[in-house]
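Listing of coords-v4.cif, mmCIF, C-alpha atoms
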data_query
loop_
_atom_site.label_atom_id
_atom_site.label_comp_id
_atom_site.auth_asym_id
_atom_site.auth_seq_id
_atom_site.Cartn_x
_atom_site.Cartn_y
_atom_site.Cartn_z
CA MET A 27 78.46 -50.83 -39.97
CA THR A 28 78.83 -48.56 -43.00
CA PRO A 29 81.88 -46.28 -42.83
CA PHE A 30 80.96 -42.59 -42.54
CA TYR A 31 82.72 -41.78 -45.79
CA ALA A 32 80.59 -44.27 -47.73
CA GLN A 33 77.56 -42.06 -47.32
CA ASP A 34 76.46 -40.20 -50.40
CA HIS A 35 78.27 -36.89 -50.11
CA ASP A 36 78.72 -34.42 -52.89
CA TYR A 37 81.97 -32.52 -52.62
CA SER A 38 81.73 -31.04 -56.11
CA GLN A 39 82.41 -27.53 -54.77
CA TYR A 40 85.85 -28.63 -53.54
CA ASN A 41 89.01 -28.63 -55.59
CA VAL A 42 91.57 -31.39 -55.03
CA LEU A 43 95.02 -31.34 -56.59
CA ALA A 44 96.78 -34.71 -56.82
CA VAL A 45 100.53 -34.52 -57.43
CA ASP A 46 102.61 -37.52 -58.47
CA ASP A 47 105.18 -38.18 -61.17
CA ILE A 48 103.70 -41.63 -61.88
CA PRO A 49 100.55 -41.33 -64.04
CA LEU A 50 99.12 -44.62 -62.75
CA ASN A 51 99.21 -43.29 -59.18
CA LEU A 52 97.28 -40.20 -60.27
CA LEU A 53 94.71 -42.37 -62.03
CA LEU A 54 94.34 -44.56 -58.94
CA VAL A 55 93.73 -41.58 -56.65
CA GLN A 56 91.21 -40.10 -59.09
CA LYS A 57 89.37 -43.42 -59.27
CA MET A 58 89.30 -43.79 -55.48
CA LEU A 59 87.85 -40.31 -55.04
CA SER A 60 85.45 -40.35 -58.00
CA ARG A 61 82.44 -41.24 -55.86
CA PHE A 62 82.63 -37.85 -54.14
CA ASN A 63 82.55 -35.68 -57.29
CA PHE A 64 85.56 -33.54 -56.33
CA GLN A 65 86.90 -31.10 -58.90
CA MET A 66 90.08 -33.11 -59.51
CA ARG A 67 93.22 -31.69 -61.05
CA THR A 68 96.60 -33.33 -61.39
CA ALA A 69 100.22 -32.32 -61.60
CA ALA A 70 103.16 -34.51 -62.59
CA ASN A 71 105.86 -32.74 -60.57
CA GLY A 72 106.53 -30.11 -57.96
CA GLN A 73 106.76 -27.17 -60.33
CA GLN A 74 103.47 -28.10 -62.00
CA ALA A 75 101.92 -28.33 -58.53
CA LEU A 76 103.10 -24.84 -57.58
CA ASP A 77 101.86 -23.47 -60.91
CA ALA A 78 98.48 -25.20 -60.45
CA VAL A 79 98.08 -23.64 -56.99
CA VAL A 80 98.70 -20.17 -58.44
CA ALA A 81 96.24 -20.81 -61.28
CA LYS A 82 93.48 -21.97 -58.90
CA LYS A 83 93.96 -22.50 -55.20
CA PRO A 84 92.89 -26.03 -54.23
CA ASP A 85 91.14 -26.96 -51.01
CA LEU A 86 93.31 -30.06 -50.65
CA ILE A 87 96.59 -31.27 -52.11
CA LEU A 88 97.45 -34.98 -52.21
CA LEU A 89 101.22 -34.84 -52.61
CA ASP A 90 103.91 -37.38 -53.44
CA LEU A 91 107.33 -36.69 -51.94
CA MET A 92 109.72 -38.34 -54.38
CA MET A 93 109.53 -36.42 -57.63
CA PRO A 94 112.12 -35.12 -60.07
CA GLY A 95 113.08 -31.48 -59.69
CA ILE A 96 111.20 -29.96 -56.78
CA ASP A 97 110.35 -32.71 -54.29
CA GLY A 98 107.25 -32.79 -52.12
CA PHE A 99 109.00 -31.47 -49.02
CA GLU A 100 110.08 -28.35 -50.92
CA VAL A 101 106.59 -27.93 -52.41
CA ILE A 102 105.16 -27.87 -48.89
CA ARG A 103 107.82 -25.41 -47.68
CA ARG A 104 107.05 -23.02 -50.53
CA LEU A 105 103.30 -23.27 -50.09
CA ARG A 106 103.50 -22.68 -46.34
CA ALA A 107 105.81 -19.68 -46.84
CA ASP A 108 103.30 -17.93 -49.12
CA PRO A 109 100.34 -16.35 -47.30
CA ALA A 110 98.15 -17.02 -50.36
CA SER A 111 98.65 -20.80 -50.03
CA ALA A 112 99.66 -21.28 -46.39
CA ASP A 113 96.25 -22.56 -45.31
CA ILE A 114 95.77 -25.29 -47.94
CA GLN A 115 95.24 -28.75 -46.48
CA ILE A 116 98.10 -31.03 -47.59
CA VAL A 117 98.18 -34.80 -47.32
CA ILE A 118 101.37 -36.60 -48.23
CA LEU A 119 100.97 -39.84 -50.20
CA SER A 120 104.39 -41.48 -50.25
CA ALA A 121 106.37 -44.70 -50.34
CA LEU A 122 108.86 -42.96 -48.04
CA ASN A 123 107.79 -44.33 -44.70
CA SER A 124 110.64 -44.02 -42.25
CA ASN A 125 109.91 -42.22 -39.02
CA GLU A 126 112.33 -39.50 -40.16
CA ASP A 127 110.40 -38.93 -43.40
CA ILE A 128 107.05 -38.86 -41.62
CA VAL A 129 108.29 -36.42 -38.97
CA LYS A 130 109.95 -34.26 -41.64
CA GLY A 131 106.66 -34.17 -43.57
CA PHE A 132 104.77 -32.91 -40.54
CA ASN A 133 107.56 -30.50 -39.62
CA VAL A 134 107.45 -28.80 -43.03
CA GLY A 135 103.68 -28.44 -42.73
CA ALA A 136 101.78 -31.51 -43.92
CA ASN A 137 98.38 -32.07 -42.34
CA ASP A 138 98.47 -35.86 -42.72
CA PHE A 139 100.62 -38.65 -44.14
CA ILE A 140 99.46 -41.77 -45.96
CA MET A 141 101.95 -44.47 -46.88
CA LYS A 142 101.90 -46.17 -50.26
CA PRO A 143 100.57 -48.53 -51.36
CA ILE A 144 97.40 -46.54 -50.78
CA ILE A 145 94.56 -48.29 -49.00
CA MET A 146 91.30 -46.93 -50.34
CA GLU A 147 89.53 -46.78 -46.96
CA LYS A 148 92.42 -44.87 -45.40
CA LEU A 149 92.53 -42.38 -48.28
CA LEU A 150 88.77 -41.83 -48.24
CA SER A 151 88.68 -41.38 -44.49
CA CYS A 152 91.57 -38.93 -44.58
CA VAL A 153 90.19 -36.88 -47.47
CA VAL A 154 86.74 -36.61 -45.88
CA THR A 155 88.35 -35.52 -42.60
CA GLN A 156 90.36 -32.86 -44.46
CA MET A 157 87.18 -31.65 -46.20
CA GLN A 158 85.48 -31.33 -42.82
CA ILE A 159 88.37 -29.12 -41.73
CA VAL A 160 88.02 -27.03 -44.91
CA GLN A 161 84.28 -26.69 -44.26
CA SER A 162 84.85 -25.61 -40.66
CA LYS A 163 87.39 -22.95 -41.79
CA ALA A 164 84.81 -21.54 -44.20
CA ARG A 165 82.30 -20.90 -41.43
#
This entry written out as structure tokens:
Amino acid sequence: MTPFYAQDHDYSQYNVLAVDDIPLNLLLVQKMLSRFNFQMRTAANGQQALDAVVAKKPDLILLDLMMPGIDGFEVIRRLRADPASADIQIVILSALNSNEDIVKGFNVGANDFIMKPIIMEKLLSCVVTQMQIVQSKAR
């Protein structure tokens, strides 16, 4: 059976912001999502992520937690506190995988949590689900 996300979808109207301080992780995420034609942007830290959201509001943020300066938890807190960004779908991609970290991520406002190392099928399934939520909000 072919997974639902393997169908030929064109999500080129959707903007995804990937945030990670490790360039290889950003490249990996971009490669995994390339088949869907998202408008992909990247940020290397929390401050760059917040600036990128102000410059152009993304439909989805794929966010690492452990970054220098402003960590992912604080990025989520700030985005959720601002009415202009409070409704952005946020998926945490993190090597932090204790129950405490996962619960904290959801408590600050994450929509989903994917543990690293990233499994392509899990990422694709999650992103497509988040895009379906974005599409339903737009209706």
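Here CA of Ile102 (chain A) and CA of Lys148 (chain A) stand 21.5 Å from one another.
If you measure from each of A:Ile48, A:Met92, A:Leu149, A:Ala69 to Ala121 (chain A) using all atoms listed in the file, the closest one turns out to be A:Met92.
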Report task. Tell me which residues the PyMOL selection byres ((chain A and resi 51) around 12) grabs here, as a ChimeraX atom specification. Result -> /A:44-50,52-58,68-70,88-90,119-121,142-144
Report task. For the file shown, report as a ChimeraX atom specification the outcome of the PyMOL selection byres ((chain A and resi 122) around 12) at residue level. Result -> /A:90-93,98-99,118-121,123-131,139-143
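The smallest atom-to-atom distance between Asn137 (chain A) and any of A:Ile159, A:Ala78, A:Leu150, A:Val42, using all atoms listed in the file, is found for A:Ile159.
Nearest to Tyr40 (chain A) of all the residues A:Ser111, A:Asn133, A:Gln161, A:Thr155 is A:Gln161, counting all atoms listed in the file.
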Find the axis-aligned box for region 127-134 of chain A, covering all its listed atoms and adding 6 Å on each side, and write its centre and edge lengths in Å to one decimal as lines of an AutoDock Vina configuration file.
center_x = 107.6
center_y = -33.9
center_z = -41.3
size_x = 17.6
size_y = 22.1
size_z = 16.6
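Atom pair CA of Asp108 (chain A) / CA of Met157 (chain A) has a distance of 21.4 Å (rounded to one decimal).
Between CA of Asn41 (chain A) and CA of Ile145 (chain A) lies a distance of 21.5 Å.
If only C-alpha atoms are the atoms counted, then among A:Gln115, A:Gln74, A:Ser162, A:Ser151 the closest residue to Phe62 (chain A) is A:Ser151.
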Query raised in the report: Once the PyMOL selection byres ((chain A and resi 95) around 8) has been applied to the shown file, what residues remain in the selection, as JSON, numbers by chain?
Result: {"A": [71, 72, 73, 93, 94, 96, 97]}
Query raised in the report: Of the residues A:Asp113, A:Asp36, A:Glu147, A:Asp138, which is the one nearest to Lys83 (chain A), using only C-alpha atoms?
Result: A:Asp113
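Taking all atoms listed in the file into account, Leu59 (chain A) lies nearest to A:Met146 out of the set A:Leu76, A:Met146, A:Val117, A:Ala136.
Omitting Ala112 (chain A) and its sequence neighbours fewer than 4 positions away, and counting all atoms listed in the file, the residues within 10 Å are A:Ile102, A:Arg103, A:Arg104, A:Leu105, A:Arg106, A:Ala107, A:Asp108, A:Ile116, A:Gly135.
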